[in-house]
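Notes follow once the structure below has been shown.
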Number of protein chains: 6
Amino acid sequence: MTTMTHSPTTSTMTAAAVDAVVRDALEEDAPWGDITSELLIPPGVQATARLVARESGVLSGGGVFAAAMLAVDPAIEVHLAAADGTRFAEGEVLATVRGSAHAVLRAERVGLNLVQRLSGIATETARYVSEVVGTSARIVDTRKTTPGLRVLERHAVRCGGGHNHRFSLSDAVLAKDNHLAVLASQGIGVTEALLGLRARLSHTTHLEVEVDRADQIEAVLAGGVDTIMLDNFTLAELREGVAQVAGRAMIEASGNVSLATVRAIALTGVDIISVGALTHSVRSLDLGLDVDIDVPADVS
Amino acid sequence: MTTMTHSPTTSTMTAAAVDAVVRDALEEDAPWGDITSELLIPPGVQATARLVARESGVLSGGGVFAAAMLAVDPAIEVHLAAADGTRFAEGEVLATVRGSAHAVLRAERVGLNLVQRLSGIATETARYVSEVVGTSARIVDTRKTTPGLRVLERHAVRCGGGHNHRFSLSDAVLAKDNHLAVLASQGIGVTEALLGLRARLSHTTHLEVEVDRADQIEAVLAGGVDTIMLDNFTLAELREGVAQVAGRAMIEASGNVSLATVRAIALTGVDIISVGALTHSVRSLDLGLDVDIDVPADVS
Amino acid sequence: MTTMTHSPTTSTMTAAAVDAVVRDALEEDAPWGDITSELLIPPGVQATARLVARESGVLSGGGVFAAAMLAVDPAIEVHLAAADGTRFAEGEVLATVRGSAHAVLRAERVGLNLVQRLSGIATETARYVSEVVGTSARIVDTRKTTPGLRVLERHAVRCGGGHNHRFSLSDAVLAKDNHLAVLASQGIGVTEALLGLRARLSHTTHLEVEVDRADQIEAVLAGGVDTIMLDNFTLAELREGVAQVAGRAMIEASGNVSLATVRAIALTGVDIISVGALTHSVRSLDLGLDVDIDVPADVS
Amino acid sequence: MTTMTHSPTTSTMTAAAVDAVVRDALEEDAPWGDITSELLIPPGVQATARLVARESGVLSGGGVFAAAMLAVDPAIEVHLAAADGTRFAEGEVLATVRGSAHAVLRAERVGLNLVQRLSGIATETARYVSEVVGTSARIVDTRKTTPGLRVLERHAVRCGGGHNHRFSLSDAVLAKDNHLAVLASQGIGVTEALLGLRARLSHTTHLEVEVDRADQIEAVLAGGVDTIMLDNFTLAELREGVAQVAGRAMIEASGNVSLATVRAIALTGVDIISVGALTHSVRSLDLGLDVDIDVPADVS
Amino acid sequence: MTTMTHSPTTSTMTAAAVDAVVRDALEEDAPWGDITSELLIPPGVQATARLVARESGVLSGGGVFAAAMLAVDPAIEVHLAAADGTRFAEGEVLATVRGSAHAVLRAERVGLNLVQRLSGIATETARYVSEVVGTSARIVDTRKTTPGLRVLERHAVRCGGGHNHRFSLSDAVLAKDNHLAVLASQGIGVTEALLGLRARLSHTTHLEVEVDRADQIEAVLAGGVDTIMLDNFTLAELREGVAQVAGRAMIEASGNVSLATVRAIALTGVDIISVGALTHSVRSLDLGLDVDIDVPADVS
Amino acid sequence: MTTMTHSPTTSTMTAAAVDAVVRDALEEDAPWGDITSELLIPPGVQATARLVARESGVLSGGGVFAAAMLAVDPAIEVHLAAADGTRFAEGEVLATVRGSAHAVLRAERVGLNLVQRLSGIATETARYVSEVVGTSARIVDTRKTTPGLRVLERHAVRCGGGHNHRFSLSDAVLAKDNHLAVLASQGIGVTEALLGLRARLSHTTHLEVEVDRADQIEAVLAGGVDTIMLDNFTLAELREGVAQVAGRAMIEASGNVSLATVRAIALTGVDIISVGALTHSVRSLDLGLDVDIDVPADVS
């Protein structure tokens, strides 16, 4: 049984997706049981545990942590003290758990591995987001996510105040240098190609094109794109790009984005700044599980 | 077709396990196809690509990168220029790929996400391993791996010269403070409990026990453990522990291990130093895929 | 071995998705083998078969038919005589097959069930598309597809010259009457809600809103939607809607669309006409497999 | 929680089979959530919905519709007002649903897609069955079912008063022209072959043989078949066939069966009439879900 | 590559079913690789192996053994020297294998576990079959098979000259005492119930009823059953039953069947004798794999 | 709902593993339902059943039997009267079951097949264990388990008082004659190879080596192995081996072990005796399910 407060930021991460990740992880972490606890702790013993922040940060994955517990034993009671997206201080208790000691210890590592990683992403995202406060830019993720965990990591980015880019190669067009090179080598104009492409796309499909040089911008805009990505542009080039596009499309800045550079990039007036490091280089946040085991007077 | 040089370090990562990860990741990254390439690049077009190191490091996941390509199209030719475990410099070409442009671009992100992550782990592990050169300590991983990727990440640790700890809760005993507390609360002596446990374990199962204080060591040793883990001991305490154990069991040091502290810990004489950060906080190594697309004279 | 001509219209239907459908269907159709053929036809016997059109239509699923054959036996040779999207006449041979008689007969029903259904969809779609020739409207599908076959049926719609709507509830927003009612009941203005929604959506996510009455249009447009759906509007209302929207968003007409009404709807000037019947009510096209079995002089 | 009245006609469609179909369909229809409802409707909001017949027909798939709701959220209450197999009039309420608005809207399309399709099959089957009332013929389905949905579609045929043919290639023998041709080309007599076949078959396996011409009948009967299929026989030929067989085997008529011809075929005295159109060409019945969303005074 | 001679007895065991069993078994037997061989044998080393009979018997599972090898490495060459169903003497070589030493040793145990078990079943079945030579009885299996291996074990029974009973609860009716008791308690006559049942069953579904006493026979026969099972009848009772039934249905004898009793039972004139012990109590046949490992002059 | 007393011996068999086996078995045993019960027994009917020992033995798989019932219908009540590992006499009631007659009959065969097999293994193991009472030897299983059932069969061995050997090729090293031959052919000394191997193994991995001759023992011991396996040694050779090893490693005896020989082997002083027959040749224990079906006065 979970007492869980769903925050709006948990949207678009389905229970089925979370359960699939959790069950595979549990199978991986104990393919034929937890031989230590099963041999040393009698079956009837109960445990109480608290998920405690050992450093400050932004929570993501509280529901995932709960799902890991419940996947081992639906009788475990999990109380989430904070919704995903909540900023917390060192020492705060983020969740409490009560249930069979066997089950709590079995789920502990999997639950922690996930909530620590997701909270690490949320916390890092929040740092980027706070850097661009007051500008018109949004921080977005990329497809540089951990294989198998994309749904969860995108959720973590939203928990940190970031936005998501396209989910996958299937749900939006993002034409890059290779694609433009193919067109060029066939003698097909970019504008013509993009107009033809739009005619074949679903009306719900977003069309974004990456350019490396300012002189590519006009042809791409003439193709009717929704977003133009300025890849590895200098700050000066970005400012010129923003002026040149002049609202005819959204502008995404990409490349060389770090906490040190992101504010300057945002101040050029771009709409979107994509940051691969949000998910490709993650420091798990230090969250711990303090477990107390109750031993009743007589365990048979 | 892959021309692949298997290094001994690739052992214990089965092709089936790699394929399962790769196929799930490809499905995640393009559930209904790569709409950009399929609409902009004619089917007959071929591509050549080079996996290039944008920074120096230790390779891990070359075979995984190849598997991602081959899972999309078995006709892709992949040549791995270096075996897993190889140290490389910035600018080196680690693999070359040739095949359908559609397929290469489809597999690119999944292949990169994996080889970058694994090489990041191998490279970080190698830093720890080089710190303990000349001591008797080995660097080992923990269960703080990415859910779903444990087999691969353990391989990456070995590529970096590290060793693996137990795979899971199922294949070795590691009794921790909670387990000892349960025994204590029942009035069961640690030594007695461990002897009883050994009598029930498979003769192939390793028995390790964690202690928090030096005064627990004798009782644990009397229980006939294979390894004793000294958790969060100071350097002085570790030195005393090594003296006290005096070869009666292997000694693992755990807690507060970083690149700054690992050599001092190793010099205390412990046998094993476990480092959660090898896998719980990974910076993906910067490896890039340089893709050249050939456009034949007439693509129909 | 397949000799297959990929048409651009086959894009976005991955081999993995096709194979998954085909393998499940084969398992369903012969969970423990084809007891008739295995007991009456010696193993060595070869068969030649031709996929013949028993009526005219538009082909879709040629590659799926081939995949069914190859899933049973990769040694079967399949030659597709026409690409998906090709219009054919009664009596035309659409594919030829050669291989083990056991395997060809085993795959026959599954291959036919799929190519007949998909060609039925493509053919019906083409009828709608030809009705709107010369107008600015495109014919699109809906989520009223056969459970499990959405990827294939969307492909079939494209083969018939139609376009796809959003794939699922996940990749685009389509706010309907229920959603607007919730906002109203909370005293939240539509315009305000849509602007707030846009601020939270990925920049690649399309925003479409359904309205039932003309007086809802302005508030929705003020919310910055990409597409406005006019649901169950009369022709007169549609014309007024087109005038009122005046290019500020794309317009989708929905409801009461049939072959008899679609041209009149298109002539109102709407951009998109969605037709549930393309996939929710399908007549399989009559395609047959003419099988000739060769019996060599001596089958051992 | 479902209040469900199982009719005998629901037999042989296991809960596991239904759940597998429903879960795949839900995953297909919202791989990463319902972004519209999750962003526009607060989590606490409840909905009430009624499944209403927009046209008359025969119900099939009430339990499947309920299973779709419960698969999203086991807390949804579903009350089925009519058992599968019930004939209903336009306007009747077939089921009522109450639960979380998020969950009900998430399951709506999948539930409807299935119950509409199955009720379409049941209703069409019932038309055929009513045509043969008073004759000794039964209406049976074929293997021309939708890949992945055979268990459900066979159930729908039974709901309409029809019977099932063999489930698959594995559970009964049906020797066709190709099989007889192989025997002939080897110089093996049909009678001899069938007797030999019977000796090898499980005693529970039904043996049916298709013939194209009346002169094949005697040899087949001498082989001891259970059922003889007269394929594409004229009405006169069927009558002669019935006289010739004279009760020595059951007789199945196949080919050119439509609502216009089925009664005449039945009047020839055949036992079984197989109709591919029951499942290969389905018009989904028009059933709608009327959803009312309750917005409590204060949704937190 | 396999050189395999398919015997007719291999029918109805699909390659997909065999592969599924083999892949699960390989995963179970080496979830993260064969650490012994991978660490002690260089990758380039080849092995030759012979599957040798350490006792005489009847072969079953040659193709399954080959499939285990090929699932590990498709480059392994397997030559099956004997078809399934072949009787062999101690010392005979049943198959030869050549390929990577890593792969052969990895597949060895799984391949042996399966072919030993299946050949054990075939050999035991053949003993029963030889006991009833010259009678009209056939030996059939039951549903007392190993969970997960039913397709393979039924094949093994056929290899030994036995026949199969129904595959599962789904493909034939077998009404037992509990079913008849339910009818009785409702005041429904058996004959009436069976006639009603037949009217609802598919015409391809076999109808068998178990009786415990001779006085039940007439009512059951009047219900039009295909087979009547005489359960735990004495030899005298069986003889009387055969006389009473007098060809109006097939007769199955069940209960207390052993090698010591089976001939006497067969001589009573029953048609079918079902033997649970064929599959519920299996002694694996002693087949061994003699492996020779070639070490080339220089293994890199 | 299950009232289940977990015995310590049930450890290391996870609920997920049991459920996976049970669900596959149920699917195999009734892919499209139980057509007999569903057509002859009204839905509302309840059944009571008792699992009765038809012969004496040791129980294993009580929880598995319960899991089969609950997988069909979570509303079934199962009361286990004895814990796994309990010795019982003929006629004892081991479990009672109450629930829907449809569900109980559906689960009956699968539940029985599993509990009979596992209890057969436990009972046979107990025979071996009782033979070695008073010696220092333990009885252990091997990898000769039924594919797919290893977790369950290892549990059964523990229920009978036996111990487990390594789970798989992945969790311990067991170097055999082939491995030593490869080393020899390369001119690598065994001692050297084993020391090198130990340096690369995880510190938790057990190192066991098989020898065929006494003269191999010293080199192997010098390699620092944990266990030495004496394969096919005579009793005299075993005694000499025990003396030679003199406590420097554990000793496993393997080969030619039967109930007739095991005590003599144990008396040689070896530590471990591995018995393939515990699992490769299993006689299912005769346990029956006595089902009583309640027919209420009025079943609609």
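Chain lettering (A, B, ...) mirrors the order of the structure tokens, residue numbering begins at 1 for each chain separately, and ligand numbering begins at 1 in order of display.
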
Dump as a short mmCIF file (atom, residue, chain, number, x, y, z; two decimals) with N, CA and C atoms, in the first residue's frame the residues of chain F that approach chain D to within 10 Å, counting only C-alpha atoms.
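This is the output file result26.cif:
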```
data_model
loop_
_atom_site.label_atom_id
_atom_site.label_comp_id
_atom_site.auth_asym_id
_atom_site.auth_seq_id
_atom_site.Cartn_x
_atom_site.Cartn_y
_atom_site.Cartn_z
N ARG F 23 3.09 -19.75 -14.50
CA ARG F 23 2.30 -19.12 -15.55
C ARG F 23 2.56 -19.75 -16.92
N LEU F 26 0.73 -23.08 -16.93
CA LEU F 26 -0.72 -22.93 -17.10
C LEU F 26 -1.07 -22.59 -18.54
N GLU F 27 -0.29 -21.74 -19.14
CA GLU F 27 -0.50 -21.39 -20.55
C GLU F 27 -0.33 -22.63 -21.43
N ALA F 30 -3.40 -25.08 -21.00
CA ALA F 30 -4.75 -24.67 -21.40
C ALA F 30 -4.67 -23.38 -22.20
N PRO F 31 -4.08 -23.44 -23.38
CA PRO F 31 -3.83 -22.19 -24.13
C PRO F 31 -5.11 -21.42 -24.42
N TRP F 32 -6.21 -22.12 -24.66
CA TRP F 32 -7.45 -21.37 -24.86
C TRP F 32 -8.58 -21.94 -23.98
N GLY F 33 -8.20 -22.20 -22.73
CA GLY F 33 -9.19 -22.54 -21.72
C GLY F 33 -9.42 -24.03 -21.51
N ASP F 34 -10.16 -24.36 -20.47
CA ASP F 34 -10.49 -25.74 -20.12
C ASP F 34 -11.89 -26.01 -20.67
N ILE F 35 -11.96 -26.55 -21.87
CA ILE F 35 -13.26 -26.62 -22.53
C ILE F 35 -14.20 -27.60 -21.85
N THR F 36 -13.66 -28.55 -21.14
CA THR F 36 -14.54 -29.51 -20.48
C THR F 36 -15.28 -28.85 -19.31
N SER F 37 -14.52 -28.30 -18.40
CA SER F 37 -15.15 -27.73 -17.20
C SER F 37 -16.00 -26.52 -17.54
N GLU F 38 -15.52 -25.71 -18.46
CA GLU F 38 -16.27 -24.50 -18.76
C GLU F 38 -17.62 -24.82 -19.39
N LEU F 39 -17.70 -25.94 -20.08
CA LEU F 39 -18.97 -26.29 -20.73
C LEU F 39 -19.86 -27.16 -19.84
N LEU F 40 -19.29 -27.83 -18.84
CA LEU F 40 -20.10 -28.74 -18.03
C LEU F 40 -20.39 -28.24 -16.62
N ILE F 41 -19.59 -27.29 -16.15
CA ILE F 41 -19.79 -26.80 -14.78
C ILE F 41 -20.19 -25.33 -14.82
N PRO F 42 -21.31 -24.99 -14.18
CA PRO F 42 -21.72 -23.58 -14.19
C PRO F 42 -20.68 -22.72 -13.48
N PRO F 43 -20.57 -21.45 -13.87
CA PRO F 43 -19.55 -20.56 -13.32
C PRO F 43 -19.59 -20.41 -11.81
N GLY F 44 -20.77 -20.44 -11.21
CA GLY F 44 -20.83 -20.13 -9.78
C GLY F 44 -20.38 -21.24 -8.84
N ALA F 71 -2.41 -18.33 -9.21
CA ALA F 71 -2.18 -17.72 -10.52
C ALA F 71 -3.43 -17.82 -11.39
N VAL F 72 -4.22 -18.86 -11.17
CA VAL F 72 -5.47 -18.98 -11.93
C VAL F 72 -6.52 -18.04 -11.33
N ASP F 73 -6.56 -17.98 -10.02
CA ASP F 73 -7.59 -17.17 -9.37
C ASP F 73 -7.11 -16.77 -7.99
#
```

Report as a tab-separated table (two decimals) with N, CA and C atoms, in the first residue's frame all protein, DNA and RNA residues lying within 6 Å of segment 86-90 of chain A, evaluated on only C-alpha atoms, omitting residues in the same chain fewer than 2 positions from it.
```
chain	number	residue	atom	x	y	z
A	53	ALA	N	17.87	12.02	3.03
A	53	ALA	CA	18.78	12.77	2.16
A	53	ALA	C	20.10	12.99	2.88
A	54	ARG	N	21.17	12.50	2.30
A	54	ARG	CA	22.50	12.75	2.88
A	54	ARG	C	23.12	14.01	2.29
A	55	GLU	N	22.43	14.61	1.33
A	55	GLU	CA	22.84	15.91	0.78
A	55	GLU	C	21.56	16.55	0.24
A	56	SER	N	21.59	17.84	-0.03
A	56	SER	CA	20.40	18.52	-0.52
A	56	SER	C	20.23	18.26	-2.02
A	57	GLY	N	19.02	18.49	-2.51
A	57	GLY	CA	18.80	18.25	-3.93
A	57	GLY	C	17.33	18.38	-4.29
A	58	VAL	N	17.00	17.84	-5.47
A	58	VAL	CA	15.62	17.85	-5.96
A	58	VAL	C	15.20	16.39	-6.13
A	59	LEU	N	14.04	16.05	-5.58
A	59	LEU	CA	13.61	14.66	-5.60
A	59	LEU	C	13.06	14.26	-6.97
A	83	ALA	N	6.66	15.11	-2.87
A	83	ALA	CA	6.36	14.80	-4.26
A	83	ALA	C	7.61	14.96	-5.11
A	84	ASP	N	7.65	14.25	-6.20
A	84	ASP	CA	8.74	14.45	-7.14
A	84	ASP	C	8.78	15.92	-7.57
A	92	GLU	N	16.72	15.56	5.45
A	92	GLU	CA	15.26	15.37	5.37
A	92	GLU	C	14.91	13.91	5.11
```

Extract, using only C-alpha atoms, all DNA, RNA and protein residues at most 10 Å from segment 293-295 of chain F, discarding same-chain residues fewer than 4 positions from it, and format them as a tab-separated table (two decimals) with C-alpha atoms, in the first residue's frame.
```tsv
chain	number	residue	atom	x	y	z
E	178	ASN	CA	-16.05	-34.46	-10.99
E	179	HIS	CA	-17.86	-33.31	-14.08
E	181	ALA	CA	-20.90	-35.49	-10.24
E	182	VAL	CA	-21.80	-31.89	-10.97
E	183	LEU	CA	-24.34	-33.00	-13.53
E	184	ALA	CA	-25.80	-35.54	-11.13
E	185	SER	CA	-26.09	-33.04	-8.32
E	186	GLN	CA	-28.04	-30.75	-10.63
F	41	ILE	CA	-19.79	-26.80	-14.78
F	42	PRO	CA	-21.72	-23.58	-14.19
F	44	GLY	CA	-20.83	-20.13	-9.78
F	45	VAL	CA	-19.89	-23.59	-8.52
F	46	GLN	CA	-17.34	-23.89	-5.71
F	47	ALA	CA	-14.95	-26.73	-5.03
F	48	THR	CA	-13.04	-27.99	-2.01
F	49	ALA	CA	-9.95	-30.07	-2.55
F	98	ARG	CA	-11.26	-23.89	-1.64
F	99	GLY	CA	-12.42	-21.81	-4.56
F	100	SER	CA	-14.17	-21.72	-7.91
F	101	ALA	CA	-14.48	-25.20	-9.38
F	104	VAL	CA	-9.34	-25.39	-9.06
F	299	VAL	CA	-26.89	-22.14	-9.91
```

| Between atom CA of Thr279 of chain B and atom CA of Val291 of chain A, what is the spacing in Å? | 23.6 Å

| request: Identify all residues of segment 46-117 of chain C in helix (DSSP H, G or I) (DSSP on the backbone) and supply them as number ranges by chain. | output: C: 62-72, 101-117

Preceding selection exported with N, CA, C and O atoms as a short mmCIF file (atom, residue, chain, number, x, y, z; two decimals), in the first residue's frame:
```cif
data_model
loop_
_atom_site.label_atom_id
_atom_site.label_comp_id
_atom_site.auth_asym_id
_atom_site.auth_seq_id
_atom_site.Cartn_x
_atom_site.Cartn_y
_atom_site.Cartn_z
N GLY C 62 3.49 -6.16 -48.65
CA GLY C 62 4.33 -7.11 -49.38
C GLY C 62 5.51 -7.56 -48.53
O GLY C 62 5.82 -8.74 -48.45
N GLY C 63 6.13 -6.61 -47.88
CA GLY C 63 7.26 -6.95 -47.02
C GLY C 63 6.83 -7.76 -45.81
O GLY C 63 7.58 -8.61 -45.31
N VAL C 64 5.64 -7.52 -45.33
CA VAL C 64 5.13 -8.28 -44.19
C VAL C 64 4.86 -9.73 -44.61
O VAL C 64 5.19 -10.67 -43.88
N PHE C 65 4.28 -9.89 -45.78
CA PHE C 65 4.07 -11.23 -46.34
C PHE C 65 5.41 -11.96 -46.45
O PHE C 65 5.54 -13.12 -46.05
N ALA C 66 6.41 -11.27 -46.97
CA ALA C 66 7.75 -11.88 -47.09
C ALA C 66 8.30 -12.23 -45.71
O ALA C 66 8.90 -13.29 -45.51
N ALA C 67 8.10 -11.33 -44.76
CA ALA C 67 8.62 -11.58 -43.41
C ALA C 67 8.00 -12.83 -42.79
O ALA C 67 8.65 -13.56 -42.04
N ALA C 68 6.72 -13.07 -43.09
CA ALA C 68 6.07 -14.28 -42.56
C ALA C 68 6.75 -15.52 -43.13
O ALA C 68 7.00 -16.49 -42.40
N MET C 69 7.02 -15.50 -44.43
CA MET C 69 7.71 -16.64 -45.04
C MET C 69 9.09 -16.84 -44.40
O MET C 69 9.46 -17.95 -43.99
N LEU C 70 9.84 -15.75 -44.30
CA LEU C 70 11.22 -15.86 -43.82
C LEU C 70 11.28 -16.21 -42.34
O LEU C 70 12.25 -16.82 -41.88
N ALA C 71 10.26 -15.84 -41.60
CA ALA C 71 10.26 -16.19 -40.17
C ALA C 71 10.11 -17.70 -39.98
O ALA C 71 10.62 -18.25 -39.01
N VAL C 72 9.43 -18.34 -40.91
CA VAL C 72 9.31 -19.80 -40.81
C VAL C 72 10.59 -20.46 -41.28
O VAL C 72 11.07 -21.41 -40.68
N ALA C 101 8.07 -27.01 -49.02
CA ALA C 101 6.61 -27.05 -49.00
C ALA C 101 6.08 -26.92 -47.57
O ALA C 101 5.10 -26.22 -47.32
N HIS C 102 6.73 -27.59 -46.64
CA HIS C 102 6.31 -27.47 -45.24
C HIS C 102 6.27 -26.01 -44.81
O HIS C 102 5.31 -25.54 -44.20
N ALA C 103 7.34 -25.30 -45.13
CA ALA C 103 7.46 -23.92 -44.64
C ALA C 103 6.48 -23.00 -45.36
O ALA C 103 5.84 -22.14 -44.74
N VAL C 104 6.34 -23.16 -46.65
CA VAL C 104 5.45 -22.27 -47.40
C VAL C 104 4.00 -22.45 -46.93
O VAL C 104 3.27 -21.47 -46.70
N LEU C 105 3.58 -23.70 -46.73
CA LEU C 105 2.21 -23.94 -46.28
C LEU C 105 2.02 -23.48 -44.84
O LEU C 105 0.93 -23.05 -44.45
N ARG C 106 3.07 -23.56 -44.07
CA ARG C 106 3.00 -23.12 -42.68
C ARG C 106 2.82 -21.60 -42.60
O ARG C 106 2.11 -21.10 -41.72
N ALA C 107 3.45 -20.86 -43.48
CA ALA C 107 3.41 -19.40 -43.45
C ALA C 107 2.24 -18.83 -44.24
O ALA C 107 1.88 -17.66 -44.07
N GLU C 108 1.64 -19.63 -45.08
CA GLU C 108 0.63 -19.14 -46.04
C GLU C 108 -0.47 -18.30 -45.38
O GLU C 108 -0.71 -17.17 -45.76
N ARG C 109 -1.15 -18.88 -44.42
CA ARG C 109 -2.34 -18.22 -43.85
C ARG C 109 -1.96 -16.93 -43.12
O ARG C 109 -2.65 -15.91 -43.25
N VAL C 110 -0.88 -16.96 -42.37
CA VAL C 110 -0.44 -15.76 -41.65
C VAL C 110 -0.05 -14.67 -42.64
O VAL C 110 -0.45 -13.50 -42.50
N GLY C 111 0.72 -15.03 -43.65
CA GLY C 111 1.12 -14.05 -44.65
C GLY C 111 -0.08 -13.45 -45.36
O GLY C 111 -0.18 -12.22 -45.54
N LEU C 112 -1.01 -14.31 -45.74
CA LEU C 112 -2.21 -13.82 -46.43
C LEU C 112 -3.07 -12.96 -45.51
O LEU C 112 -3.55 -11.90 -45.92
N ASN C 113 -3.30 -13.42 -44.30
CA ASN C 113 -4.15 -12.64 -43.39
C ASN C 113 -3.63 -11.20 -43.28
O ASN C 113 -4.42 -10.25 -43.24
N LEU C 114 -2.31 -11.05 -43.25
CA LEU C 114 -1.75 -9.72 -43.05
C LEU C 114 -1.79 -8.90 -44.34
O LEU C 114 -2.22 -7.75 -44.35
N VAL C 115 -1.33 -9.46 -45.44
CA VAL C 115 -1.26 -8.66 -46.67
C VAL C 115 -2.67 -8.35 -47.19
O VAL C 115 -2.91 -7.28 -47.78
N GLN C 116 -3.62 -9.25 -46.96
CA GLN C 116 -5.00 -8.98 -47.38
C GLN C 116 -5.59 -7.81 -46.59
O GLN C 116 -6.24 -6.93 -47.14
N ARG C 117 -5.37 -7.83 -45.29
CA ARG C 117 -5.91 -6.79 -44.42
C ARG C 117 -5.26 -5.44 -44.74
O ARG C 117 -5.95 -4.42 -44.89
#
```

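Neighbours of segment 252-261 of chain E closer than or equal to 9 Å, with only C-alpha atoms counted and sequence neighbours fewer than 4 positions away skipped, come out as Arg127, Tyr128, Glu131, Ala137, Glu210, Thr227, Ile228, Met229, Leu230, Asp231, Asn232, Phe233, Leu238, Ile265, Ala266, Val270, Asp271, Ile272, Ile273, Ser274, Val275, Gly276 and Ala277 of chain E.
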
| field | For atom CA of Gly91 of chain A and atom CA of Glu77 of chain A, the interatomic separation in Å (one decimal) | value |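 Distance between the two atoms: 21.7 Å.
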
| said: With DSSP run on the backbone, what are the strand (DSSP E or B) residues within segment 53-165 of chain C? I'd like them as a list in words. | reply: Ala53, Gly57, Val58, Glu77, Val78, His79, Leu80, Arg87, Phe88, Val93, Leu94, Ala95, Thr96, Val97, Arg98, Gly99, Ser100, Arg138, Ile139, Val140 and His163 of chain C

| segment 197-199 of chain A surroundings by only C-alpha atoms, 9 Å radius, close-in-sequence under 3 positions cut, as a list in words |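 Skipping anything fewer than 3 positions along the chain leaves Glu192, Ala193, Leu194, Ser202, His203, Thr205, Leu207, Gly223, Gly224 and Val225 of chain A; Leu39 and Leu40 of chain B.
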